[in-house]
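In what follows, a structure is listed as structure tokens, so that the remarks can point back to it.
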Amino acid sequence: MLALFDLDGTLVDRQSAFSDTVTALCHTHAFGPDVEQWLLTELADRANGSDFARLRAAFDLHEPATQLWQEYVDLMAAAVTCRPVVLEGLARLRTAAWTIGIVTNGASDIQRAKLASTGLIDLVDGVAVSGDLEIRKPDRRLFELAAARCGLSLADGGWMIGDNPAGDVGGAHQAGLRAIWLRGRPWPDGLTAANHTVEDVTDAIAILLDTIPE
């Protein structure tokens, strides 16, 4: 059976890595607190190369936007972590005959850099990043791409695990998948509940391990 996972806020802790990355980038270039605050605000949810073109224009910076973006990508990849217990859980799922995919919003280069640096890329069968098609969760097409890259079809069924109610749980419903929600973000009115709600992704993995793949 297919198990699709979100990346940021689910398998990895983006928030602490993000803060450390912004601090390191600003220190390297001696950017002032105004630039640091701009980055913390504007890139709080996601980041891509065009953000650094906006940054450069806003503060009349000399460094090329492409250089700043690449530095940001490299720093994020170095800072982001995936807990060993999560990596071990994914390995157990694969041993138990689960097919594992990742479906994540974000720029393709930075998301894949995170997957490589954390070792997650070695534990999954397929990855779909919103930057691949310029579509974002909850768009069903991103889930279809993830399933296809895992060698499966959404028609085969499966699960989606993530922390975003609309993107992950709502997207799972649209894609015909069952959903496990990592509690944290406010739950919007009118959204159908997830099949399970957990406090940590390891709890979600435990639920899957108790479910016999079809």
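By order in the structure tokens, chains are A, B, ...; within a chain, residues start at 1; ligands start at 1, following the order shown.
Of the residues in stretch 94-202 of chain A, those that DSSP places in strand (DSSP E) on the basis of the backbone are A:Thr99, A:Ile100, A:Gly101, A:Ile102, A:Val103, A:Thr104, A:Gly126, A:Val127, A:Ala128, A:Val129, A:Gly158, A:Trp159, A:Met160, A:Ile161, A:Gly162, A:Arg178, A:Ala179, A:Ile180, A:Trp181, A:Leu182, A:His196, A:Thr197, A:Val198.
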### Task
Run DSSP on the backbone and give me the residues of stretch 26-167 of chain A it puts in alpha helix (DSSP H), as a PyMOL selection string.
chain A and resi 26-28+33-42+49-59+65-79+84-95+108-118+130-133+140-149
#### Entry: Contacts of stretch 196-205 of chain A at 12 Å (only C-alpha atoms; same-chain gap of 4+ positions) as a PyMOL selection string
chain A and resi 3-13+82-94+96+98+100+159-165+169+178-185+187+192+209-211
### Residues within 10 Å of A:Ala58, only C-alpha atoms, excluding chain neighbours under 4 positions, as a PyMOL selection string
chain A and resi 35+38+52-54
Since we have the selection now, will you write its residues out, keeping N, CA and C atoms, as a tab-separated table (two decimals), in the first residue's frame?
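Output file out14.tsv follows:
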```
chain	number	residue	atom	x	y	z
A	35	VAL	N	17.12	43.46	7.21
A	35	VAL	CA	17.13	42.39	6.22
A	35	VAL	C	16.74	41.06	6.87
A	38	TRP	N	13.05	40.94	7.43
A	38	TRP	CA	12.36	40.78	6.15
A	38	TRP	C	12.35	39.30	5.75
A	52	PHE	N	14.51	36.12	-3.39
A	52	PHE	CA	15.79	36.78	-3.21
A	52	PHE	C	16.01	37.89	-4.23
A	53	ALA	N	15.31	37.80	-5.34
A	53	ALA	CA	15.30	38.93	-6.27
A	53	ALA	C	14.54	40.10	-5.64
A	54	ARG	N	13.45	39.80	-4.94
A	54	ARG	CA	12.70	40.84	-4.23
A	54	ARG	C	13.52	41.42	-3.09
```
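Nearest residue to A:Ala17, choosing from A:Ala206, A:Ala79, A:Gln174, A:Arg141 and counting only C-alpha atoms: A:Ala79.
Using only C-alpha atoms, the nearest neighbour of A:Ala24 within the list A:Ile102, A:Gly126, A:Asp139, A:Leu68 is A:Leu68.
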### Query
Closest to A:Pro33 among A:Met1, A:Glu144, A:Asp51, A:Phe59, using only C-alpha atoms?
A:Phe59
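In terms of minimum interatomic distance to A:Gly32, A:Leu61 ranks closest within A:Ala193, A:Ile135, A:Leu61, A:Leu208, counting only C-alpha atoms.
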### Summary
Across A:Ser117, A:Gly190, A:Leu25, A:Ser130, the smallest distance to A:Ala146, with only C-alpha atoms counted, is shown by A:Ser130
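Between atom CA of A:Ala97 and atom CA of A:Gly119 lies a distance of 19.7 Å.
Minimum distance to A:Val103 across A:Leu2, A:Val22, A:Leu145, A:Ala166 (counting only C-alpha atoms) occurs at A:Leu145.
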